[in-house]
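Source file: target.txt (compact mmCIF, C-alpha atoms)
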```
# COMPACT_ATOMS: atom_id res chain seq x y z
CA MET A 1 -34.36 -23.45 -25.84
CA ALA A 2 -33.97 -19.88 -24.71
CA THR A 3 -30.45 -18.56 -24.81
CA MET A 4 -28.71 -15.58 -23.31
CA GLN A 5 -25.66 -13.53 -24.12
CA PHE A 6 -22.56 -14.82 -22.35
CA ASP A 7 -19.33 -12.89 -22.02
CA LEU A 8 -16.13 -13.97 -20.35
CA VAL A 9 -13.49 -11.29 -20.05
CA SER A 10 -10.14 -11.15 -18.32
CA PRO A 11 -8.14 -7.94 -17.91
CA GLU A 12 -5.97 -8.88 -20.85
CA ARG A 13 -8.52 -10.06 -23.36
CA LYS A 14 -12.03 -11.15 -24.13
CA LEU A 15 -12.14 -14.94 -23.99
CA ALA A 16 -15.66 -15.68 -25.06
CA SER A 17 -18.73 -13.91 -26.25
CA LEU A 18 -21.53 -16.16 -27.40
CA GLU A 19 -25.15 -17.20 -27.05
CA ALA A 20 -25.23 -19.74 -24.27
CA SER A 21 -28.04 -21.86 -22.95
CA GLU A 22 -26.59 -22.36 -19.49
CA VAL A 23 -23.54 -21.39 -17.51
CA GLN A 24 -22.22 -23.11 -14.40
CA ILE A 25 -20.55 -20.58 -12.17
CA PRO A 26 -18.27 -21.13 -9.17
CA GLY A 27 -19.63 -18.34 -6.99
CA SER A 28 -17.99 -17.46 -3.70
CA GLU A 29 -21.17 -18.50 -1.86
CA GLY A 30 -21.49 -21.73 -3.79
CA ASP A 31 -21.80 -22.95 -7.35
CA PHE A 32 -24.87 -22.13 -9.34
CA THR A 33 -26.13 -22.38 -12.87
CA ALA A 34 -27.44 -19.37 -14.72
CA MET A 35 -29.92 -19.83 -17.54
CA ALA A 36 -31.97 -17.35 -19.54
CA ASP A 37 -34.43 -15.34 -17.43
CA HIS A 38 -32.41 -15.83 -14.27
CA SER A 39 -33.11 -13.13 -11.72
CA PRO A 40 -30.41 -10.45 -11.55
CA VAL A 41 -27.53 -11.48 -9.32
CA LEU A 42 -24.14 -9.97 -8.70
CA THR A 43 -21.69 -12.25 -6.98
CA THR A 44 -17.98 -12.68 -6.55
CA LEU A 45 -16.08 -15.66 -7.92
CA ARG A 46 -13.99 -18.23 -6.18
CA PRO A 47 -11.24 -20.10 -8.02
CA GLY A 48 -12.95 -22.89 -9.90
CA VAL A 49 -14.18 -24.18 -13.21
CA LEU A 50 -16.70 -22.31 -15.27
CA LYS A 51 -18.77 -24.44 -17.63
CA VAL A 52 -20.58 -22.91 -20.57
CA LYS A 53 -23.19 -24.80 -22.57
CA ALA A 54 -24.27 -23.51 -25.94
CA GLY A 55 -26.54 -26.11 -27.49
CA SER A 56 -24.47 -29.28 -27.49
CA ASP A 57 -21.15 -27.48 -27.23
CA VAL A 58 -19.61 -27.36 -23.79
CA SER A 59 -16.59 -25.25 -23.05
CA GLU A 60 -14.80 -25.08 -19.74
CA TYR A 61 -12.61 -22.36 -18.31
CA ILE A 62 -10.48 -22.09 -15.22
CA VAL A 63 -11.26 -18.82 -13.49
CA THR A 64 -10.01 -17.12 -10.35
CA GLY A 65 -11.14 -14.03 -8.48
CA GLY A 66 -13.48 -11.54 -10.05
CA PHE A 67 -17.21 -11.25 -10.28
CA VAL A 68 -20.25 -12.36 -12.22
CA GLU A 69 -23.16 -10.27 -13.27
CA VAL A 70 -26.26 -12.23 -14.14
CA SER A 71 -29.30 -10.59 -15.64
CA PRO A 72 -32.27 -12.20 -17.42
CA LYS A 73 -30.77 -11.65 -20.86
CA ALA A 74 -27.04 -11.78 -20.24
CA THR A 75 -24.35 -13.20 -18.03
CA SER A 76 -20.97 -11.54 -17.86
CA VAL A 77 -18.05 -13.00 -16.04
CA LEU A 78 -15.11 -10.77 -15.20
CA ALA A 79 -12.29 -12.95 -13.98
CA GLU A 80 -8.86 -11.80 -12.94
CA HIS A 81 -7.33 -14.87 -14.53
CA ALA A 82 -9.19 -16.99 -17.02
CA VAL A 83 -7.90 -19.71 -19.34
CA PRO A 84 -9.63 -22.41 -21.33
CA LYS A 85 -9.37 -25.58 -19.28
CA ALA A 86 -7.65 -27.43 -22.11
CA GLU A 87 -4.85 -24.86 -22.12
CA ALA A 88 -4.33 -24.80 -18.38
CA THR A 89 -1.12 -26.43 -17.22
CA ALA A 90 -0.04 -27.53 -13.78
CA ASP A 91 2.54 -24.76 -13.84
CA PHE A 92 -0.17 -22.19 -14.37
CA VAL A 93 -2.24 -23.49 -11.46
CA ASN A 94 0.84 -23.75 -9.26
CA GLY A 95 1.47 -20.11 -10.02
CA LEU A 96 -2.04 -19.31 -8.84
CA VAL A 97 -1.55 -21.31 -5.66
CA GLU A 98 1.65 -19.43 -4.98
CA GLU A 99 -0.10 -16.13 -5.55
CA ALA A 100 -2.86 -17.11 -3.16
CA GLU A 101 -0.30 -18.13 -0.55
CA THR A 102 1.52 -14.83 -0.86
CA ALA A 103 -1.75 -12.99 -0.43
CA ALA A 104 -2.47 -14.97 2.75
CA LYS A 105 0.75 -13.87 4.40
CA ASN A 106 -0.26 -10.30 5.15
CA VAL A 107 -3.76 -10.80 6.49
CA SER A 108 -5.40 -11.83 9.74
CA GLY A 109 -8.79 -12.43 11.29
CA PRO A 110 -11.72 -13.11 8.95
CA ASP A 111 -9.55 -12.14 5.99
CA LEU A 112 -7.21 -15.00 6.82
CA ASP A 113 -10.09 -17.47 6.62
CA MET A 114 -10.96 -16.07 3.20
CA ALA A 115 -7.34 -16.30 2.11
CA ASN A 116 -7.07 -19.90 3.31
CA LYS A 117 -10.25 -20.78 1.48
CA ARG A 118 -8.79 -19.26 -1.65
CA ILE A 119 -5.68 -21.41 -1.27
CA ALA A 120 -7.80 -24.53 -0.78
CA ASP A 121 -10.00 -23.68 -3.78
CA THR A 122 -6.97 -23.06 -5.93
CA ARG A 123 -5.28 -26.29 -4.81
CA ALA A 124 -8.45 -28.19 -5.70
CA LEU A 125 -7.98 -27.04 -9.28
CA LEU A 126 -4.82 -29.10 -9.50
CA ASP A 127 -6.89 -32.29 -9.33
CA LEU A 128 -9.20 -31.12 -12.06
CA ILE A 129 -6.71 -30.53 -14.80
CA MET B 1 35.53 26.00 -47.03
CA ALA B 2 35.32 22.53 -45.53
CA ASN B 3 37.34 20.13 -47.53
CA LEU B 4 35.69 17.60 -49.76
CA LYS B 5 36.67 14.52 -47.85
CA ASP B 6 35.22 15.82 -44.59
CA LEU B 7 31.96 16.71 -46.28
CA LYS B 8 31.73 13.31 -47.88
CA MET B 9 32.26 11.65 -44.50
CA ARG B 10 29.61 13.77 -42.85
CA ILE B 11 27.11 12.93 -45.56
CA GLU B 12 27.79 9.24 -45.05
CA SER B 13 27.38 9.54 -41.30
CA VAL B 14 24.06 11.40 -41.56
CA LYS B 15 22.89 8.76 -44.01
CA GLY B 16 23.69 6.13 -41.40
CA THR B 17 21.71 8.06 -38.80
CA ARG B 18 18.77 8.31 -41.16
CA LYS B 19 18.77 4.57 -41.67
CA ILE B 20 18.69 4.00 -37.93
CA THR B 21 15.90 6.46 -37.23
CA LYS B 22 13.90 5.07 -40.15
CA ALA B 23 14.27 1.56 -38.74
CA MET B 24 13.31 2.73 -35.26
CA GLN B 25 10.24 4.43 -36.65
CA MET B 26 9.12 1.24 -38.34
CA VAL B 27 9.75 -0.85 -35.26
CA ALA B 28 7.79 1.66 -33.17
CA ALA B 29 4.93 1.50 -35.67
CA ALA B 30 4.74 -2.28 -35.34
CA LYS B 31 4.98 -2.12 -31.55
CA LEU B 32 2.37 0.62 -31.46
CA ARG B 33 -0.08 -1.60 -33.26
CA ARG B 34 0.48 -4.37 -30.73
CA ALA B 35 0.22 -1.96 -27.80
CA GLN B 36 -2.99 -0.52 -29.17
CA GLU B 37 -4.46 -3.96 -29.60
CA ALA B 38 -3.56 -4.81 -26.01
CA ALA B 39 -5.15 -1.60 -24.77
CA GLU B 40 -8.23 -2.32 -26.87
CA ALA B 41 -8.51 -5.85 -25.50
CA ALA B 42 -8.32 -4.62 -21.92
CA ARG B 43 -11.09 -2.10 -22.34
CA PRO B 44 -14.20 -4.32 -21.88
CA PHE B 45 -12.96 -5.51 -18.49
CA ALA B 46 -12.09 -2.03 -17.26
CA ASP B 47 -15.35 -0.53 -18.49
CA ARG B 48 -17.51 -3.20 -16.93
CA MET B 49 -15.53 -3.01 -13.71
CA ASN B 50 -16.01 0.74 -13.55
CA VAL B 51 -19.76 0.53 -14.08
CA VAL B 52 -20.22 -2.08 -11.36
CA MET B 53 -17.88 -0.27 -8.99
CA GLY B 54 -19.70 2.97 -9.70
CA ASN B 55 -22.99 1.37 -8.67
CA LEU B 56 -21.54 -0.27 -5.59
CA ALA B 57 -19.50 2.71 -4.50
CA GLY B 58 -22.40 5.09 -5.01
CA ALA B 59 -24.49 2.96 -2.68
CA SER B 60 -21.91 2.77 0.07
CA ALA B 61 -20.56 6.32 -0.19
CA GLY B 62 -20.99 8.22 3.01
CA SER B 63 -21.65 5.12 5.06
CA GLU B 64 -19.46 4.61 8.11
CA SER B 65 -18.35 1.17 7.07
CA ALA B 66 -17.08 2.22 3.65
CA PRO B 67 -13.71 0.57 3.01
CA LYS B 68 -10.66 2.75 3.48
CA LEU B 69 -9.55 2.32 -0.11
CA LEU B 70 -12.74 4.08 -1.14
CA ALA B 71 -13.27 6.55 1.69
CA GLY B 72 -9.64 7.42 2.29
CA THR B 73 -8.00 7.88 5.66
CA GLY B 74 -9.82 11.11 6.33
CA LYS B 75 -6.60 13.07 5.95
CA ASP B 76 -4.62 14.26 3.00
CA ASP B 77 -1.24 14.95 4.50
CA VAL B 78 0.92 12.43 2.77
CA HIS B 79 0.70 12.06 -0.98
CA LEU B 80 2.14 9.22 -3.00
CA LEU B 81 2.92 10.07 -6.59
CA ILE B 82 3.36 7.10 -8.87
CA VAL B 83 5.24 8.26 -11.93
CA ALA B 84 4.92 5.77 -14.77
CA THR B 85 7.29 6.32 -17.67
CA SER B 86 9.21 4.23 -20.16
CA GLU B 87 12.46 2.32 -19.85
CA ARG B 88 13.91 3.75 -23.02
CA GLY B 89 14.46 7.20 -24.39
CA LEU B 90 14.33 8.53 -27.94
CA CYS B 91 10.61 9.05 -27.77
CA GLY B 92 10.32 12.83 -28.00
CA GLY B 93 8.77 14.61 -25.08
CA PHE B 94 6.97 11.54 -23.77
CA ASN B 95 8.90 11.02 -20.53
CA SER B 96 9.56 14.70 -19.89
CA SER B 97 5.91 15.63 -20.14
CA ILE B 98 4.85 13.00 -17.61
CA ALA B 99 7.69 13.95 -15.28
CA LYS B 100 6.78 17.60 -15.69
CA ALA B 101 3.15 17.01 -14.74
CA ALA B 102 4.28 15.12 -11.65
CA ARG B 103 6.87 17.76 -10.79
CA VAL B 104 4.37 20.60 -11.01
CA ASP B 105 1.98 18.77 -8.70
CA ALA B 106 4.74 17.76 -6.31
CA GLU B 107 5.89 21.35 -6.00
CA LYS B 108 2.32 22.49 -5.37
CA LEU B 109 1.87 19.87 -2.66
CA LEU B 110 5.16 20.72 -1.03
CA ALA B 111 4.29 24.41 -1.08
CA ALA B 112 1.02 23.55 0.67
CA GLY B 113 3.00 21.85 3.41
CA LYS B 114 2.13 18.26 2.48
CA THR B 115 4.52 15.36 2.52
CA VAL B 116 5.30 13.93 -0.88
CA LYS B 117 6.51 10.43 -1.60
CA ILE B 118 7.41 9.31 -5.07
CA LEU B 119 7.32 5.85 -6.55
CA THR B 120 8.64 5.56 -10.06
CA VAL B 121 7.87 2.95 -12.67
CA GLY B 122 10.32 2.96 -15.56
CA LYS B 123 13.91 4.15 -15.62
CA LYS B 124 13.45 7.41 -17.47
CA GLY B 125 11.03 8.89 -14.97
CA ARG B 126 13.31 7.98 -12.09
CA GLU B 127 16.23 9.78 -13.70
CA GLN B 128 14.19 12.92 -14.15
CA MET B 129 12.50 12.94 -10.75
CA ARG B 130 15.72 12.15 -8.93
CA ARG B 131 17.25 15.43 -9.95
CA GLU B 132 14.87 17.48 -7.86
CA PHE B 133 13.15 15.11 -5.49
CA ALA B 134 15.87 12.67 -4.57
CA GLU B 135 14.92 12.74 -0.88
CA HIS B 136 11.27 12.00 -1.67
CA MET B 137 11.85 8.89 -3.75
CA ILE B 138 10.74 5.80 -1.87
CA ASP B 139 10.92 3.05 -4.43
CA HIS B 140 11.35 2.16 -8.03
CA VAL B 141 9.75 -0.55 -10.15
CA ASP B 142 12.05 -1.85 -12.84
CA MET B 143 10.22 -2.77 -16.03
CA SER B 144 13.25 -3.36 -18.21
CA GLU B 145 12.85 -7.14 -18.02
CA VAL B 146 9.21 -6.98 -19.06
CA LYS B 147 8.84 -8.04 -22.67
CA ARG B 148 5.09 -8.06 -22.84
CA LEU B 149 3.09 -6.03 -20.37
CA GLY B 150 0.79 -8.32 -18.44
CA TYR B 151 -1.81 -8.03 -15.73
CA ASN B 152 0.75 -9.49 -13.32
CA ASN B 153 2.94 -6.41 -13.68
CA ALA B 154 0.04 -4.20 -12.71
CA GLN B 155 -0.79 -6.55 -9.86
CA ASP B 156 2.71 -6.29 -8.42
CA ILE B 157 2.58 -2.51 -8.44
CA ALA B 158 -0.97 -2.35 -7.06
CA ASN B 159 -0.19 -4.84 -4.28
CA ASP B 160 2.85 -2.86 -3.31
CA VAL B 161 0.86 0.37 -3.22
CA MET B 162 -1.96 -1.20 -1.21
CA ALA B 163 0.45 -2.73 1.28
CA ARG B 164 1.99 0.69 1.82
CA PHE B 165 -1.46 2.21 2.18
CA ASN B 166 -2.49 -0.37 4.76
CA ALA B 167 0.72 0.32 6.64
CA GLY B 168 -0.35 3.96 6.82
CA GLU B 169 2.47 5.26 4.68
CA PHE B 170 0.33 7.72 2.75
CA ASP B 171 -3.19 9.12 2.48
CA VAL B 172 -3.64 9.82 -1.21
CA ALA B 173 -2.16 8.02 -4.20
CA THR B 174 -2.08 9.43 -7.70
CA ILE B 175 -0.65 7.79 -10.80
CA TYR B 176 0.90 9.86 -13.58
CA TYR B 177 0.88 8.42 -17.06
CA SER B 178 0.27 9.46 -20.61
CA GLU B 179 -3.05 8.88 -22.25
CA PHE B 180 -2.90 7.80 -25.85
CA GLN B 181 -4.92 10.04 -28.15
CA SER B 182 -3.16 9.56 -31.46
CA VAL B 183 0.33 9.14 -32.83
CA ILE B 184 0.92 12.87 -32.61
CA SER B 185 -0.90 13.54 -29.37
CA GLN B 186 -0.41 11.92 -25.97
CA ILE B 187 -1.82 13.68 -22.95
CA PRO B 188 -0.05 13.47 -19.58
CA THR B 189 -2.74 12.51 -17.11
CA ALA B 190 -3.02 12.26 -13.34
CA LEU B 191 -5.43 9.68 -11.99
CA GLN B 192 -6.22 9.42 -8.32
CA LEU B 193 -6.09 5.78 -7.23
CA ILE B 194 -6.65 6.07 -3.49
CA PRO B 195 -9.20 7.07 -2.33
CA ALA B 196 -10.72 5.41 -5.37
CA THR B 197 -13.00 7.42 -7.58
CA PHE B 198 -15.55 5.92 -9.91
CA GLU B 199 -17.85 7.77 -12.18
CA ALA B 200 -21.28 6.54 -11.31
CA ASP B 201 -23.34 6.32 -14.44
CA GLU B 202 -26.55 8.15 -13.56
CA GLN B 203 -28.34 7.27 -16.75
CA ALA B 204 -27.93 3.54 -16.46
CA GLU B 205 -30.82 2.11 -14.55
CA ALA B 206 -29.35 0.26 -11.61
CA PRO B 207 -30.90 -3.17 -11.86
CA PHE B 208 -32.14 -4.69 -8.66
CA TYR B 209 -29.40 -7.18 -8.17
CA ASP B 210 -29.29 -9.78 -5.49
CA TYR B 211 -25.88 -9.33 -4.00
CA GLU B 212 -24.14 -12.48 -2.95
CA PRO B 213 -22.42 -12.06 -0.50
CA GLY B 214 -23.58 -8.63 0.70
CA LYS B 215 -22.85 -5.40 -1.11
CA GLU B 216 -20.12 -4.42 1.31
CA ASP B 217 -18.31 -7.73 1.00
CA ILE B 218 -18.40 -7.53 -2.76
CA LEU B 219 -17.15 -3.98 -2.62
CA ALA B 220 -14.30 -4.97 -0.31
CA ASP B 221 -13.41 -7.88 -2.59
CA LEU B 222 -13.55 -5.88 -5.78
CA LEU B 223 -11.85 -2.65 -4.73
CA PRO B 224 -8.30 -4.04 -4.87
CA ARG B 225 -9.08 -5.59 -8.24
CA ALA B 226 -10.53 -2.33 -9.52
CA LEU B 227 -7.39 -0.56 -8.38
CA THR B 228 -5.22 -3.10 -10.15
CA THR B 229 -7.34 -2.68 -13.26
CA SER B 230 -6.78 1.09 -13.17
CA VAL B 231 -3.04 0.59 -12.87
CA PHE B 232 -3.10 -1.93 -15.70
CA ALA B 233 -5.09 0.42 -17.93
CA ALA B 234 -2.65 3.24 -17.16
CA LEU B 235 0.34 1.05 -18.01
CA LEU B 236 -1.24 -0.03 -21.29
CA GLU B 237 -2.05 3.56 -22.24
CA ASN B 238 1.52 4.45 -21.40
CA ALA B 239 2.91 1.67 -23.57
CA ALA B 240 0.84 2.80 -26.55
CA SER B 241 1.76 6.44 -25.94
CA GLU B 242 5.45 5.63 -25.72
CA GLN B 243 5.45 3.90 -29.08
CA GLY B 244 3.31 6.64 -30.62
CA ALA B 245 5.64 9.33 -29.32
CA ARG B 246 8.69 7.40 -30.51
CA MET B 247 7.16 6.91 -33.93
CA SER B 248 6.54 10.61 -34.49
CA ALA B 249 9.88 11.59 -32.95
CA MET B 250 11.69 9.19 -35.27
CA ASP B 251 9.64 10.36 -38.21
CA ASN B 252 10.82 13.91 -37.53
CA ALA B 253 14.39 12.76 -37.07
CA THR B 254 14.29 10.89 -40.38
CA ARG B 255 12.96 13.97 -42.13
CA ASN B 256 15.57 16.22 -40.54
CA ALA B 257 18.33 13.83 -41.53
CA GLY B 258 17.03 13.90 -45.11
CA GLU B 259 17.08 17.70 -45.17
CA MET B 260 20.57 17.74 -43.76
CA ILE B 261 21.78 15.30 -46.39
CA ASP B 262 20.34 17.51 -49.14
CA LYS B 263 22.03 20.58 -47.68
CA LEU B 264 25.36 18.85 -47.29
CA THR B 265 25.18 17.40 -50.78
CA ILE B 266 24.65 20.85 -52.26
CA GLN B 267 27.56 22.16 -50.24
CA TYR B 268 29.67 19.23 -51.37
CA ASN B 269 28.87 19.79 -55.03
CA ARG B 270 29.56 23.50 -54.78
CA SER B 271 32.94 22.90 -53.15
CA ARG B 272 33.80 20.35 -55.77
CA GLN B 273 32.88 22.75 -58.54
CA ALA B 274 34.83 25.56 -56.89
CA ALA B 275 37.86 23.30 -56.67
CA ILE B 276 37.59 22.36 -60.34
CA THR B 277 37.14 25.97 -61.39
CA ASN B 278 40.12 26.92 -59.34
CA GLU B 279 42.25 24.29 -60.95
CA LEU B 280 41.13 25.35 -64.45
CA ILE B 281 41.92 28.96 -63.71
CA GLU B 282 45.35 27.95 -62.52
CA ILE B 283 46.01 25.96 -65.68
CA ILE B 284 44.72 28.70 -67.97
CA SER B 285 46.64 31.45 -66.26
CA GLY B 286 49.71 29.23 -66.29
CA ALA B 287 49.30 28.71 -70.07
CA GLU B 288 48.78 32.43 -70.64
CA ALA B 289 51.88 33.35 -68.75
CA LEU B 290 54.05 31.30 -71.08
```

Just give me the structure of the file as structure tokens.
Amino acid sequence: MATMQFDLVSPERKLASLEASEVQIPGSEGDFTAMADHSPVLTTLRPGVLKVKAGSDVSEYIVTGGFVEVSPKATSVLAEHAVPKAEATADFVNGLVEEAETAAKNVSGPDLDMANKRIADTRALLDLI
Amino acid sequence: MANLKDLKMRIESVKGTRKITKAMQMVAAAKLRRAQEAAEAARPFADRMNVVMGNLAGASAGSESAPKLLAGTGKDDVHLLIVATSERGLCGGFNSSIAKAARVDAEKLLAAGKTVKILTVGKKGREQMRREFAEHMIDHVDMSEVKRLGYNNAQDIANDVMARFNAGEFDVATIYYSEFQSVISQIPTALQLIPATFEADEQAEAPFYDYEPGKEDILADLLPRALTTSVFAALLENAASEQGARMSAMDNATRNAGEMIDKLTIQYNRSRQAAITNELIEIISGAEAL
């Protein structure tokens, strides 16, 4: 099966760099799966779970805001916060929820809708871990 | 001639100083390695971010709807200078050189009739800026509790700066920090944060991406993150520079202490010999007189 280069980086470190066969991405306009030879897409992320398949190995990461760049040969995910799902604790996610709530305080109009969606998305993570 | 006991005490005290500076140098070396690793690890994110922002910003530059963070307020009357320095001293000219760069620019801006506001990060910069620009200081970010510099620290600063920008407190923001070149060379640098500048890479073929959501939305979403990334990168560079500067400052101090010990030891030995000779002469002349 065709593979592509997959990179997951956060501002503090590089979390993963490997040949992956498919990547499930929580995009801000909906989840999608990128495989080799996907058409080039640039999209922003919403808080969610990123699933990477490399052969039979599956690894999952919790990611929050950032963006994804998909090209036929490579997918790179730049997430503001990213942790392997196994290492994520409720405290960590609660911290994210709090951060999202603080961010929602100073906005209005369409931005408020976005901020509320971010809170909801982040809260949903609590059920997943 | 200083008496022997005093000399002996001074030698001991300089030896103590040398031990301390030597230890500080070694601690700085270890911290430098960690700081460099952190800066290294942050680079892929910042680079990628800059490339994408360069593409996006290039496309929307000049358009009416360009976000304010990118296009600016259209004025440049009020300047915010963010002076990032360290919390601790004993690192050579590190803090002074950053403060000096900021001071020179602040004086230029004031001479041109602009309003200057100063936000300091790190105690040492605040002390230095306060001497001349006390009435311009608006806030201070205390980093003394921060053990390990994280993205969150940068986020706090960037959010604060953006909130002030949105409230119309300033038109242009510039961050002053020191770029790490090597242990002996750190370059004080000024980086304009708002309006944001990105170097669009002309060579790189801009792939025909589908943008989801639209380009403008992505740009608006990513700009604050790009700004935070710039602040984070500046803080990391600063951390590495601080340790580098401290390491070479302490290396010099250790060497100077060594030289001083040698000098004092020679002086001590000479005095001792002079005292002995004196005593001998006294004894001999006493014996001769009998």

Atom CA of Asp91 of chain A sits from atom CA of Ser10 of chain A at a separation of 19.1 Å

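Pairwise distance (atom CA of Leu45 of chain A, atom CA of Gly66 of chain A) equals 5.3 Å.
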
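Those residues of chain A that fall within 8 Å of chain B when using only C-alpha atoms read Val9, Ser10, Pro11, Glu12, Arg13, Lys14, Ser28, Glu29, Ser39, Pro40, Val41, Leu42, Thr43, Thr44, Gly66, Phe67, Leu78 and Glu80 of chain A.
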
For those residues, write C-alpha atoms to a file as a CSV table (one decimal), in the frame of the given file.
```csv
chain,number,residue,atom,x,y,z
A,9,VAL,CA,-13.5,-11.3,-20.0
A,10,SER,CA,-10.1,-11.2,-18.3
A,11,PRO,CA,-8.1,-7.9,-17.9
A,12,GLU,CA,-6.0,-8.9,-20.8
A,13,ARG,CA,-8.5,-10.1,-23.4
A,14,LYS,CA,-12.0,-11.2,-24.1
A,28,SER,CA,-18.0,-17.5,-3.7
A,29,GLU,CA,-21.2,-18.5,-1.9
A,39,SER,CA,-33.1,-13.1,-11.7
A,40,PRO,CA,-30.4,-10.4,-11.6
A,41,VAL,CA,-27.5,-11.5,-9.3
A,42,LEU,CA,-24.1,-10.0,-8.7
A,43,THR,CA,-21.7,-12.2,-7.0
A,44,THR,CA,-18.0,-12.7,-6.6
A,66,GLY,CA,-13.5,-11.5,-10.0
A,67,PHE,CA,-17.2,-11.2,-10.3
A,78,LEU,CA,-15.1,-10.8,-15.2
A,80,GLU,CA,-8.9,-11.8,-12.9
```

Quick one: everything within 12 Å of Asp57 of chain A, counting all atoms listed in the file, minus sequence neighbours fewer than 3 positions away in the same chain. Send it as a ChimeraX atom specification. /A:18-23,51-54,60

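Taking only C-alpha atoms, the non-local environment of segment 66-78 of chain B within 7 Å (same-chain residues fewer than 5 positions away omitted) comprises Ser60, Ala61, Lys114, Thr115, Val116, Phe170, Asp171, Val172, Ile194, Pro195, Ala196 and Ala220 of chain B.
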
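In this model, the gap between atom CA of Glu87 of chain B and atom CA of Glu107 of chain B comes to 24.4 Å.
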
Ile138 of chain B: which residues within 10 Å, counting only C-alpha atoms, same-chain residues fewer than 5 positions away excluded, as a tab-separated table (two decimals) with C-alpha atoms, keeping the file's coordinate frame?
```
chain	number	residue	atom	x	y	z
B	80	LEU	CA	2.14	9.22	-3.00
B	116	VAL	CA	5.30	13.93	-0.88
B	117	LYS	CA	6.51	10.43	-1.60
B	118	ILE	CA	7.41	9.31	-5.07
B	119	LEU	CA	7.32	5.85	-6.55
B	120	THR	CA	8.64	5.56	-10.06
```

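Of the listed residues B:Ala35, B:Ala30, B:Thr197, B:Leu235, the one whose atoms come nearest to Ala57 of chain B is B:Thr197, with distances taken using all atoms listed in the file.
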
Counting only C-alpha atoms, what is within 8 Å of Ala158 of chain B, bar same-chain residues fewer than 6 positions away, as a list in words? Pro224, Leu227, Thr228 and Val231 of chain B

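Residue nearest Gln181 of chain B, chosen from B:Gly244, B:Gly168, B:Gly286, B:Gly93 and counting only C-alpha atoms: B:Gly244.
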
Put the listed atoms of segment 145-151 of chain B in a box along x, y and z with 8 Å added on every side and give me the centre and edge lengths in Å to one decimal, as JSON.
```
{"center_x": 5.5, "center_y": -7.2, "center_z": -19.3, "size_x": 30.7, "size_y": 18.3, "size_z": 23.1}
```

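Shortest atom-to-atom contact with Ser241 of chain B among B:Met9, B:Ala29, B:Met137, B:Ala287: B:Ala29, counting all atoms listed in the file.
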
So which residues touch Asp105 of chain B within 10 Å, counting only C-alpha atoms, skipping near sequence neighbours fewer than 6 positions away, as a list of chain:residue names? B:Leu81, B:Ala99, B:Ala111, B:Val116, B:Ala190

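In terms of minimum interatomic distance to Ser144 of chain B, B:Val121 ranks closest within B:Ile175, B:Val121, B:Cys91, B:Ala257, counting only C-alpha atoms.
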
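When all atoms listed in the file are used to measure the gap to Leu112 of chain A, the shortest distance among A:Lys73, A:Ala100, A:Gly48, A:Tyr61 belongs to A:Ala100.
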
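You can rank B:Met250, B:Val146, B:Ala106, B:Val51 by their closest distance to Ala23 of chain B using only C-alpha atoms, and at the top of that list sits B:Met250.
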